[in-house]
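Novice: First the structure, then my questions, so here it is.
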Amino acid sequence: MPSPPSKSPGDIRVASYNLHKCVGLDRRRDPHRVARVLAGLSADVIAVQEIDRRLPPRPTALPRAVLEEEAGLAPAPVAETTVSLGWHGNGLLLAGGWRMDDLHRLPLPGLEPRGALIADLSGPSGQLRVVATHLGLRRRDRQRQMTQIMAALNLSKEAPTVLLGDLNEWAPHAGFAPLDPYFELHNPGRSFPARRPMAALDRVATGPGLKVRQMGTCRAGEAGRASDHLPIWADLCVDG
């Protein structure tokens, strides 16, 4: 889908975008271009991956002022340093009226450092728990990481929950068993590589009480070249 359509009143639009540290297919680091793509999603909540640079102290690749002034989004306070906007590269961007009420930073096992953010949010359309993550490159690591996420959720009070992120799984259906039966996995479309998408690495998974009305990838305008991933989006409603 070239760009997201208008959402229904009362729905919550969520999105996920691997920013690739704001380096586009032209190998230029351009946070302004990324901010324009983010603004075009018209999302309430966006989970982002690779928002910070790789080497310590991991300064943000997307300056706060650019994000706020050009995308109209505020970074949720998930970072543990003053120079980053993310944690293990994962960030949460919130539209006006949304706020974070609680946060759990969950380190994930694996060959390389990974993590997940479990954030309780509230906004004009109600309350929402978001799990934002970027899983590992090896399936056995991803399996352990999803199992860890589920264990953490089992210790939390019930809430409408959506999992968003770059799950790094090339198979259309296999590899997600640890999320069953709590989550229903959704495939908004192929998102990687951005120039000629072949795999749906970026996914949405909804827990009980949430329904996906519509979803897709965004290839409109600069979204096709601002990162090596395309952004994905989904409109959610509370079911019943």
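Residue numbering restarts at 1 in every chain; chains get A, B, ... in the order shown in the structure tokens, and ligands count up from 1 in that same order.
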Residues within 6 Å of segment 172-185 of chain A, please, as a ChimeraX atom specification. Count only C-alpha atoms; anything in the same chain fewer than 2 positions from it doesn't count.
Specialist: /A:146-147,205-207
Novice: For the residues selected in the previous step, produce a file with all heavy atoms as a tab-separated table (two decimals), in the first residue's frame.
Specialist:
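What ended up in out_12.tsv:
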```tsv
chain	number	residue	atom	x	y	z
A	146	MET	N	11.50	-14.55	22.53
A	146	MET	CA	10.04	-14.52	22.62
A	146	MET	C	9.55	-15.21	23.89
A	146	MET	O	8.58	-14.75	24.52
A	146	MET	CB	9.43	-15.16	21.37
A	146	MET	CG	9.54	-14.29	20.12
A	146	MET	SD	8.72	-15.00	18.67
A	146	MET	CE	9.98	-16.17	18.13
A	147	THR	N	10.22	-16.30	24.27
A	147	THR	CA	9.85	-16.98	25.52
A	147	THR	C	10.05	-16.07	26.71
A	147	THR	O	9.21	-16.03	27.64
A	147	THR	CB	10.69	-18.27	25.68
A	147	THR	OG1	10.42	-19.14	24.58
A	147	THR	CG2	10.37	-18.97	26.99
A	205	ALA	N	1.61	-8.18	16.40
A	205	ALA	CA	0.93	-9.29	17.05
A	205	ALA	C	0.00	-8.72	18.12
A	205	ALA	O	0.41	-7.88	18.91
A	205	ALA	CB	1.92	-10.27	17.69
A	206	THR	N	-1.25	-9.17	18.10
A	206	THR	CA	-2.24	-8.63	19.04
A	206	THR	C	-2.65	-9.68	20.06
A	206	THR	O	-2.80	-10.86	19.74
A	206	THR	CB	-3.50	-8.16	18.28
A	206	THR	OG1	-3.97	-9.20	17.42
A	206	THR	CG2	-3.21	-6.91	17.47
A	207	GLY	N	-2.82	-9.22	21.29
A	207	GLY	CA	-3.30	-10.08	22.37
A	207	GLY	C	-4.81	-10.06	22.46
A	207	GLY	O	-5.49	-9.39	21.68
```
Novice: Write out as a PyMOL selection string the residues lying within 9 Å of Ile149 of chain A, counting only C-alpha atoms and excluding same-chain residues fewer than 4 positions away.
Specialist: chain A and resi 106+108+116+118+131+144-145+153-154+179
Novice: Could I get the residues of segment 125-199 of chain A with an atom no further than 9 Å from an atom of segment 48-52 of chain A, each paired with its nearest atom pair and that distance in Å to one decimal, using only C-alpha atoms, sorted by chain and residue number, as JSON lines?
Specialist:
```
{"residue": "A:Ala132", "atom": "CA", "partner": "A:Val48", "partner_atom": "CA", "distance": 7.7}
{"residue": "A:Thr133", "atom": "CA", "partner": "A:Gln49", "partner_atom": "CA", "distance": 7.4}
{"residue": "A:His134", "atom": "CA", "partner": "A:Gln49", "partner_atom": "CA", "distance": 6.4}
{"residue": "A:Leu164", "atom": "CA", "partner": "A:Val48", "partner_atom": "CA", "distance": 8.8}
{"residue": "A:Gly165", "atom": "CA", "partner": "A:Gln49", "partner_atom": "CA", "distance": 7.2}
{"residue": "A:Asp166", "atom": "CA", "partner": "A:Gln49", "partner_atom": "CA", "distance": 7.3}
```
Novice: I need the residues of segment 53-195 of chain A that end up classed as helix (DSSP H, G or I) by DSSP on the backbone, written out as a list of chain:residue names.
Specialist: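 Result set for segment 53-195 of chain A (helix (DSSP H, G or I)): A:Arg64, A:Ala65, A:Val66, A:Leu67, A:Glu68, A:Glu69, A:Glu70, A:Ala71, A:Arg139, A:Arg140, A:Asp141, A:Arg142, A:Gln143, A:Arg144, A:Gln145, A:Met146, A:Thr147, A:Gln148, A:Ile149, A:Met150, A:Ala151, A:Ala152, A:Leu153, A:Asn154, A:Ala177, A:Pro178, A:Leu179.
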Novice: Using DSSP on the backbone, list every residue of segment 112-141 of chain A that comes out as strand (DSSP E or B), and give them as a PDB file with all heavy atoms, in the first residue's frame.
Specialist:
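Generated file (result.pdb):
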```
ATOM      1  N   ARG A 114      20.290  -7.651  23.050  1.00  0.00           N
ATOM      2  CA  ARG A 114      18.959  -7.295  22.576  1.00  0.00           C
ATOM      3  C   ARG A 114      18.084  -6.968  23.777  1.00  0.00           C
ATOM      4  O   ARG A 114      18.396  -7.334  24.911  1.00  0.00           O
ATOM      5  CB  ARG A 114      18.322  -8.448  21.794  1.00  0.00           C
ATOM      6  CG  ARG A 114      19.070  -8.868  20.549  1.00  0.00           C
ATOM      7  CD  ARG A 114      18.787  -7.973  19.361  1.00  0.00           C
ATOM      8  NE  ARG A 114      19.548  -8.371  18.178  1.00  0.00           N
ATOM      9  CZ  ARG A 114      19.371  -7.869  16.971  1.00  0.00           C
ATOM     10  NH1 ARG A 114      18.445  -6.943  16.773  1.00  0.00           N
ATOM     11  NH2 ARG A 114      20.110  -8.268  15.957  1.00  0.00           N
ATOM     12  N   GLY A 115      16.966  -6.311  23.510  1.00  0.00           N
ATOM     13  CA  GLY A 115      16.057  -5.989  24.595  1.00  0.00           C
ATOM     14  C   GLY A 115      14.658  -5.748  24.082  1.00  0.00           C
ATOM     15  O   GLY A 115      14.420  -5.650  22.871  1.00  0.00           O
ATOM     16  N   ALA A 116      13.721  -5.659  25.003  1.00  0.00           N
ATOM     17  CA  ALA A 116      12.330  -5.339  24.685  1.00  0.00           C
ATOM     18  C   ALA A 116      11.839  -4.291  25.665  1.00  0.00           C
ATOM     19  O   ALA A 116      12.215  -4.299  26.849  1.00  0.00           O
ATOM     20  CB  ALA A 116      11.449  -6.587  24.754  1.00  0.00           C
ATOM     21  N   LEU A 117      11.011  -3.384  25.171  1.00  0.00           N
ATOM     22  CA  LEU A 117      10.333  -2.410  26.012  1.00  0.00           C
ATOM     23  C   LEU A 117       8.892  -2.869  26.204  1.00  0.00           C
ATOM     24  O   LEU A 117       8.203  -3.173  25.223  1.00  0.00           O
ATOM     25  CB  LEU A 117      10.342  -1.026  25.357  1.00  0.00           C
ATOM     26  CG  LEU A 117      11.705  -0.423  25.029  1.00  0.00           C
ATOM     27  CD1 LEU A 117      11.513   0.851  24.202  1.00  0.00           C
ATOM     28  CD2 LEU A 117      12.483  -0.119  26.302  1.00  0.00           C
ATOM     29  N   ILE A 118       8.450  -2.937  27.442  1.00  0.00           N
ATOM     30  CA  ILE A 118       7.048  -3.233  27.738  1.00  0.00           C
ATOM     31  C   ILE A 118       6.487  -1.986  28.405  1.00  0.00           C
ATOM     32  O   ILE A 118       6.829  -1.671  29.547  1.00  0.00           O
ATOM     33  CB  ILE A 118       6.910  -4.473  28.634  1.00  0.00           C
ATOM     34  CG1 ILE A 118       7.576  -5.683  27.974  1.00  0.00           C
ATOM     35  CG2 ILE A 118       5.440  -4.755  28.921  1.00  0.00           C
ATOM     36  CD1 ILE A 118       7.556  -6.945  28.820  1.00  0.00           C
ATOM     37  N   ALA A 119       5.659  -1.255  27.656  1.00  0.00           N
ATOM     38  CA  ALA A 119       5.204   0.058  28.102  1.00  0.00           C
ATOM     39  C   ALA A 119       3.684   0.085  28.207  1.00  0.00           C
ATOM     40  O   ALA A 119       2.980  -0.348  27.277  1.00  0.00           O
ATOM     41  CB  ALA A 119       5.671   1.140  27.132  1.00  0.00           C
ATOM     42  N   ASP A 120       3.187   0.581  29.316  1.00  0.00           N
ATOM     43  CA  ASP A 120       1.759   0.819  29.481  1.00  0.00           C
ATOM     44  C   ASP A 120       1.477   2.271  29.121  1.00  0.00           C
ATOM     45  O   ASP A 120       2.030   3.195  29.738  1.00  0.00           O
ATOM     46  CB  ASP A 120       1.323   0.534  30.916  1.00  0.00           C
ATOM     47  CG  ASP A 120       1.298  -0.960  31.217  1.00  0.00           C
ATOM     48  OD1 ASP A 120       1.175  -1.754  30.268  1.00  0.00           O
ATOM     49  OD2 ASP A 120       1.420  -1.326  32.400  1.00  0.00           O
ATOM     50  N   LEU A 121       0.629   2.458  28.119  1.00  0.00           N
ATOM     51  CA  LEU A 121       0.333   3.777  27.586  1.00  0.00           C
ATOM     52  C   LEU A 121      -1.129   4.109  27.809  1.00  0.00           C
ATOM     53  O   LEU A 121      -1.978   3.219  27.912  1.00  0.00           O
ATOM     54  CB  LEU A 121       0.638   3.835  26.087  1.00  0.00           C
ATOM     55  CG  LEU A 121       2.010   3.348  25.625  1.00  0.00           C
ATOM     56  CD1 LEU A 121       2.091   3.395  24.100  1.00  0.00           C
ATOM     57  CD2 LEU A 121       3.120   4.183  26.253  1.00  0.00           C
ATOM     58  N   SER A 122      -1.425   5.394  27.829  1.00  0.00           N
ATOM     59  CA  SER A 122      -2.814   5.837  27.845  1.00  0.00           C
ATOM     60  C   SER A 122      -2.938   7.061  26.959  1.00  0.00           C
ATOM     61  O   SER A 122      -2.001   7.852  26.810  1.00  0.00           O
ATOM     62  CB  SER A 122      -3.273   6.155  29.276  1.00  0.00           C
ATOM     63  OG  SER A 122      -2.438   7.113  29.887  1.00  0.00           O
ATOM     64  N   GLY A 123      -4.110   7.186  26.330  1.00  0.00           N
ATOM     65  CA  GLY A 123      -4.315   8.276  25.398  1.00  0.00           C
ATOM     66  C   GLY A 123      -5.779   8.497  25.106  1.00  0.00           C
ATOM     67  O   GLY A 123      -6.660   7.934  25.781  1.00  0.00           O
ATOM     68  N   GLY A 126      -7.934   5.375  24.837  1.00  0.00           N
ATOM     69  CA  GLY A 126      -7.914   4.392  25.912  1.00  0.00           C
ATOM     70  C   GLY A 126      -6.521   3.972  26.308  1.00  0.00           C
ATOM     71  O   GLY A 126      -5.545   4.706  26.094  1.00  0.00           O
ATOM     72  N   GLN A 127      -6.416   2.786  26.851  1.00  0.00           N
ATOM     73  CA  GLN A 127      -5.149   2.275  27.346  1.00  0.00           C
ATOM     74  C   GLN A 127      -4.625   1.172  26.432  1.00  0.00           C
ATOM     75  O   GLN A 127      -5.405   0.434  25.819  1.00  0.00           O
ATOM     76  CB  GLN A 127      -5.310   1.747  28.769  1.00  0.00           C
ATOM     77  CG  GLN A 127      -5.664   2.839  29.782  1.00  0.00           C
ATOM     78  CD  GLN A 127      -5.740   2.322  31.201  1.00  0.00           C
ATOM     79  OE1 GLN A 127      -6.267   1.241  31.444  1.00  0.00           O
ATOM     80  NE2 GLN A 127      -5.225   3.085  32.143  1.00  0.00           N
ATOM     81  N   LEU A 128      -3.324   1.079  26.366  1.00  0.00           N
ATOM     82  CA  LEU A 128      -2.700   0.107  25.484  1.00  0.00           C
ATOM     83  C   LEU A 128      -1.341  -0.277  26.056  1.00  0.00           C
ATOM     84  O   LEU A 128      -0.561   0.596  26.463  1.00  0.00           O
ATOM     85  CB  LEU A 128      -2.510   0.694  24.085  1.00  0.00           C
ATOM     86  CG  LEU A 128      -1.931  -0.236  23.015  1.00  0.00           C
ATOM     87  CD1 LEU A 128      -2.927  -1.337  22.655  1.00  0.00           C
ATOM     88  CD2 LEU A 128      -1.554   0.556  21.768  1.00  0.00           C
ATOM     89  N   ARG A 129      -1.062  -1.574  26.100  1.00  0.00           N
ATOM     90  CA  ARG A 129       0.273  -2.047  26.443  1.00  0.00           C
ATOM     91  C   ARG A 129       1.008  -2.375  25.135  1.00  0.00           C
ATOM     92  O   ARG A 129       0.482  -3.109  24.296  1.00  0.00           O
ATOM     93  CB  ARG A 129       0.217  -3.274  27.343  1.00  0.00           C
ATOM     94  CG  ARG A 129       1.608  -3.876  27.632  1.00  0.00           C
ATOM     95  CD  ARG A 129       1.531  -4.959  28.694  1.00  0.00           C
ATOM     96  NE  ARG A 129       1.145  -4.392  29.972  1.00  0.00           N
ATOM     97  CZ  ARG A 129       0.442  -5.032  30.905  1.00  0.00           C
ATOM     98  NH1 ARG A 129       0.027  -6.270  30.694  1.00  0.00           N
ATOM     99  NH2 ARG A 129       0.142  -4.443  32.044  1.00  0.00           N
ATOM    100  N   VAL A 130       2.203  -1.842  25.000  1.00  0.00           N
ATOM    101  CA  VAL A 130       3.000  -2.052  23.792  1.00  0.00           C
ATOM    102  C   VAL A 130       4.287  -2.765  24.164  1.00  0.00           C
ATOM    103  O   VAL A 130       5.001  -2.344  25.078  1.00  0.00           O
ATOM    104  CB  VAL A 130       3.323  -0.718  23.100  1.00  0.00           C
ATOM    105  CG1 VAL A 130       4.242  -0.946  21.895  1.00  0.00           C
ATOM    106  CG2 VAL A 130       2.044  -0.023  22.645  1.00  0.00           C
ATOM    107  N   VAL A 131       4.564  -3.846  23.458  1.00  0.00           N
ATOM    108  CA  VAL A 131       5.857  -4.520  23.545  1.00  0.00           C
ATOM    109  C   VAL A 131       6.613  -4.160  22.279  1.00  0.00           C
ATOM    110  O   VAL A 131       6.184  -4.490  21.171  1.00  0.00           O
ATOM    111  CB  VAL A 131       5.699  -6.048  23.652  1.00  0.00           C
ATOM    112  CG1 VAL A 131       7.068  -6.708  23.788  1.00  0.00           C
ATOM    113  CG2 VAL A 131       4.803  -6.420  24.817  1.00  0.00           C
ATOM    114  N   ALA A 132       7.709  -3.442  22.424  1.00  0.00           N
ATOM    115  CA  ALA A 132       8.512  -3.001  21.286  1.00  0.00           C
ATOM    116  C   ALA A 132       9.851  -3.719  21.331  1.00  0.00           C
ATOM    117  O   ALA A 132      10.555  -3.653  22.344  1.00  0.00           O
ATOM    118  CB  ALA A 132       8.716  -1.484  21.335  1.00  0.00           C
ATOM    119  N   THR A 133      10.218  -4.382  20.233  1.00  0.00           N
ATOM    120  CA  THR A 133      11.439  -5.175  20.271  1.00  0.00           C
ATOM    121  C   THR A 133      12.074  -5.312  18.900  1.00  0.00           C
ATOM    122  O   THR A 133      11.456  -5.031  17.865  1.00  0.00           O
ATOM    123  CB  THR A 133      11.157  -6.567  20.863  1.00  0.00           C
ATOM    124  OG1 THR A 133      12.378  -7.226  21.175  1.00  0.00           O
ATOM    125  CG2 THR A 133      10.337  -7.424  19.899  1.00  0.00           C
ATOM    126  N   HIS A 134      13.308  -5.745  18.910  1.00  0.00           N
ATOM    127  CA  HIS A 134      14.092  -6.055  17.706  1.00  0.00           C
ATOM    128  C   HIS A 134      14.808  -7.367  18.012  1.00  0.00           C
ATOM    129  O   HIS A 134      15.798  -7.385  18.744  1.00  0.00           O
ATOM    130  CB  HIS A 134      15.088  -4.926  17.430  1.00  0.00           C
ATOM    131  CG  HIS A 134      15.830  -5.072  16.150  1.00  0.00           C
ATOM    132  ND1 HIS A 134      16.810  -4.165  15.763  1.00  0.00           N
ATOM    133  CD2 HIS A 134      15.758  -5.985  15.153  1.00  0.00           C
ATOM    134  CE1 HIS A 134      17.305  -4.538  14.591  1.00  0.00           C
ATOM    135  NE2 HIS A 134      16.682  -5.640  14.208  1.00  0.00           N
TER     136      HIS A 134
END
```
Novice: Between atom CA of Thr161 of chain A and atom CA of Glu80 of chain A, what is the distance in Å, rounded to a tenth?
Specialist: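 Computing the Euclidean distance for atom CA of Thr161 of chain A and atom CA of Glu80 of chain A yields 24.0 Å.
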Novice: Write out as a list of chain:residue names each polymer residue whose atoms come within 9 Å of Ala95 of chain A, counting only C-alpha atoms; drop sequence neighbours fewer than 5 positions from it.
Specialist: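 Here the qualifying residues turn out to be A:Ser42, A:Ala43, A:Asp44, A:Val45, A:Ile46, A:Gly72, A:Leu73, A:Ala74.
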Novice: Select, from A:Lys211, A:His104, A:Asn18, A:Thr60, the residue with the minimum atom-to-atom distance to Ser84 of chain A, counting only C-alpha atoms.
Specialist: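 Distance minimum relative to Ser84 of chain A lands on A:Thr60.
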Novice: Report as a list in words all protein, DNA and RNA residues lying within 8 Å of Pro31 of chain A, evaluated on only C-alpha atoms, omitting residues in the same chain fewer than 3 positions from it.
Specialist: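 Using only C-alpha atoms, the neighbours found are Cys22, Val34, Ala35, Ala61, Leu62, Pro63 and Val66 of chain A.
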Novice: Okay, now the selection with N, CA and C atoms, as a PDB file, in the first residue's frame?
Specialist:
```pdb
ATOM      1  N   CYS A  22      18.857   6.099  10.578  1.00  0.00           N
ATOM      2  CA  CYS A  22      18.549   7.208   9.662  1.00  0.00           C
ATOM      3  C   CYS A  22      19.417   7.222   8.406  1.00  0.00           C
ATOM      4  N   VAL A  34      13.678  10.921   7.514  1.00  0.00           N
ATOM      5  CA  VAL A  34      13.007   9.937   8.365  1.00  0.00           C
ATOM      6  C   VAL A  34      11.836  10.575   9.114  1.00  0.00           C
ATOM      7  N   ALA A  35      12.024  11.796   9.605  1.00  0.00           N
ATOM      8  CA  ALA A  35      10.949  12.488  10.320  1.00  0.00           C
ATOM      9  C   ALA A  35       9.738  12.700   9.411  1.00  0.00           C
ATOM     10  N   ALA A  61      20.370   8.872  16.554  1.00  0.00           N
ATOM     11  CA  ALA A  61      20.530   9.222  15.145  1.00  0.00           C
ATOM     12  C   ALA A  61      19.422  10.157  14.686  1.00  0.00           C
ATOM     13  N   LEU A  62      18.381  10.278  15.498  1.00  0.00           N
ATOM     14  CA  LEU A  62      17.233  11.131  15.172  1.00  0.00           C
ATOM     15  C   LEU A  62      17.076  12.165  16.285  1.00  0.00           C
ATOM     16  N   PRO A  63      17.605  13.365  16.084  1.00  0.00           N
ATOM     17  CA  PRO A  63      17.565  14.356  17.161  1.00  0.00           C
ATOM     18  C   PRO A  63      16.150  14.639  17.647  1.00  0.00           C
ATOM     19  N   VAL A  66      14.282  17.478  15.886  1.00  0.00           N
ATOM     20  CA  VAL A  66      13.792  17.120  14.551  1.00  0.00           C
ATOM     21  C   VAL A  66      12.525  16.279  14.669  1.00  0.00           C
TER      22      VAL A  66
END
```
Novice: Using Å and a single decimal, report how far atom CA of Met215 of chain A sits from atom CA of Cys237 of chain A.
Specialist: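 Between atom CA of Cys237 of chain A and atom CA of Met215 of chain A the gap is 12.2 Å.
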Novice: Leaving out segment 226-236 of chain A and any residue of its chain fewer than 5 positions from it, which residues lie within 7 Å of it when counting only C-alpha atoms, given as a short mmCIF file (atom, residue, chain, number, x, y, z; two decimals) with N, CA, C and O atoms, in the first residue's frame?
Specialist:
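To be explicit, this is the file written out as out17.cif:
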```cif
data_model
loop_
_atom_site.label_atom_id
_atom_site.label_comp_id
_atom_site.auth_asym_id
_atom_site.auth_seq_id
_atom_site.Cartn_x
_atom_site.Cartn_y
_atom_site.Cartn_z
N LYS A 7 -7.84 6.69 9.43
CA LYS A 7 -8.33 5.68 10.36
C LYS A 7 -9.68 6.08 10.91
O LYS A 7 -10.05 7.26 10.91
N ASP A 11 -10.21 4.31 16.78
CA ASP A 11 -9.16 3.33 16.56
C ASP A 11 -7.82 3.88 17.01
O ASP A 11 -7.62 5.10 17.10
N ILE A 12 -6.88 2.98 17.28
CA ILE A 12 -5.52 3.34 17.64
C ILE A 12 -4.62 2.89 16.50
O ILE A 12 -4.58 1.70 16.17
N ARG A 13 -3.92 3.84 15.89
CA ARG A 13 -2.97 3.47 14.84
C ARG A 13 -1.59 3.26 15.45
O ARG A 13 -1.02 4.16 16.07
N VAL A 14 -1.07 2.05 15.28
CA VAL A 14 0.28 1.73 15.73
C VAL A 14 1.14 1.49 14.49
O VAL A 14 0.63 1.15 13.41
N ALA A 15 2.42 1.66 14.66
CA ALA A 15 3.35 1.45 13.55
C ALA A 15 4.67 0.95 14.09
O ALA A 15 4.96 1.06 15.29
N SER A 16 5.47 0.40 13.19
CA SER A 16 6.82 -0.04 13.54
C SER A 16 7.74 0.29 12.38
O SER A 16 7.36 0.11 11.21
N TYR A 17 8.95 0.75 12.70
CA TYR A 17 9.86 1.21 11.66
C TYR A 17 11.30 1.01 12.13
O TYR A 17 11.71 1.57 13.14
N ASN A 18 12.04 0.20 11.39
CA ASN A 18 13.47 0.08 11.63
C ASN A 18 14.14 1.24 10.90
O ASN A 18 14.19 1.26 9.66
N LEU A 19 14.68 2.19 11.64
CA LEU A 19 15.20 3.44 11.07
C LEU A 19 16.57 3.28 10.43
O LEU A 19 17.01 4.18 9.72
N HIS A 20 17.25 2.15 10.71
CA HIS A 20 18.59 1.93 10.15
C HIS A 20 19.51 3.11 10.48
O HIS A 20 20.32 3.54 9.66
N CYS A 22 18.86 6.10 10.58
CA CYS A 22 18.55 7.21 9.66
C CYS A 22 19.42 7.22 8.41
O CYS A 22 19.53 8.25 7.74
N VAL A 23 20.03 6.09 8.08
CA VAL A 23 20.82 5.98 6.86
C VAL A 23 19.94 5.35 5.78
O VAL A 23 19.43 4.23 5.96
N GLY A 24 19.77 6.06 4.67
CA GLY A 24 18.90 5.60 3.61
C GLY A 24 19.61 4.75 2.58
O GLY A 24 20.80 4.44 2.70
N LEU A 25 18.88 4.39 1.54
CA LEU A 25 19.45 3.55 0.48
C LEU A 25 20.51 4.28 -0.31
O LEU A 25 21.31 3.65 -1.02
N ARG A 33 14.56 13.44 6.63
CA ARG A 33 13.81 12.56 5.73
C ARG A 33 13.04 11.51 6.53
O ARG A 33 11.86 11.25 6.26
N VAL A 34 13.68 10.92 7.51
CA VAL A 34 13.01 9.94 8.37
C VAL A 34 11.84 10.57 9.11
O VAL A 34 10.76 9.98 9.23
N PRO A 188 1.57 -7.40 7.92
CA PRO A 188 1.13 -6.23 7.16
C PRO A 188 1.65 -6.20 5.72
O PRO A 188 1.15 -5.44 4.90
N SER A 191 8.45 -6.02 3.98
CA SER A 191 9.02 -4.74 4.41
C SER A 191 10.53 -4.64 4.21
O SER A 191 11.11 -3.58 4.45
N PHE A 192 11.18 -5.73 3.80
CA PHE A 192 12.64 -5.72 3.69
C PHE A 192 13.08 -6.57 2.51
O PHE A 192 12.51 -7.66 2.28
N PRO A 193 14.10 -6.11 1.76
CA PRO A 193 14.71 -4.78 1.79
C PRO A 193 13.82 -3.75 1.12
O PRO A 193 13.01 -4.10 0.26
N ALA A 194 13.96 -2.51 1.52
CA ALA A 194 13.01 -1.48 1.09
C ALA A 194 12.95 -1.32 -0.42
O ALA A 194 11.88 -1.06 -0.98
N ASP A 202 9.08 -7.24 9.61
CA ASP A 202 8.45 -6.35 10.59
C ASP A 202 7.00 -6.79 10.76
O ASP A 202 6.25 -6.89 9.79
N LEU A 210 -7.94 -7.19 21.40
CA LEU A 210 -7.59 -6.25 20.35
C LEU A 210 -7.89 -6.85 18.99
O LEU A 210 -7.63 -8.04 18.74
N LYS A 211 -8.40 -6.04 18.10
CA LYS A 211 -8.72 -6.46 16.74
C LYS A 211 -8.05 -5.53 15.74
O LYS A 211 -8.03 -4.31 15.96
N VAL A 212 -7.50 -6.09 14.68
CA VAL A 212 -6.90 -5.29 13.61
C VAL A 212 -7.97 -4.99 12.57
O VAL A 212 -8.56 -5.90 11.98
N ARG A 213 -8.23 -3.70 12.35
CA ARG A 213 -9.21 -3.31 11.33
C ARG A 213 -8.58 -3.27 9.94
O ARG A 213 -9.17 -3.73 8.96
N GLN A 214 -7.39 -2.68 9.84
CA GLN A 214 -6.67 -2.60 8.58
C GLN A 214 -5.19 -2.46 8.89
O GLN A 214 -4.81 -2.02 9.99
N MET A 215 -4.34 -2.83 7.93
CA MET A 215 -2.90 -2.76 8.15
C MET A 215 -2.20 -2.74 6.80
O MET A 215 -2.80 -3.01 5.76
N GLY A 216 -0.91 -2.42 6.84
CA GLY A 216 -0.16 -2.42 5.60
C GLY A 216 1.26 -1.93 5.80
O GLY A 216 1.69 -1.63 6.92
N THR A 217 1.98 -1.88 4.70
CA THR A 217 3.30 -1.25 4.67
C THR A 217 3.15 0.09 3.97
O THR A 217 2.17 0.33 3.28
N CYS A 218 4.13 0.95 4.16
CA CYS A 218 4.09 2.27 3.53
C CYS A 218 5.29 2.40 2.58
O CYS A 218 6.44 2.30 3.01
N ARG A 219 5.00 2.61 1.30
CA ARG A 219 6.05 2.79 0.30
C ARG A 219 5.98 4.17 -0.34
O ARG A 219 6.70 4.44 -1.30
#
```
Novice: In Å, how far is it from atom CA of Glu68 of chain A to atom CA of Met100 of chain A?
Specialist: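 Taking atom CA of Glu68 of chain A and atom CA of Met100 of chain A, their separation equals 16.4 Å.
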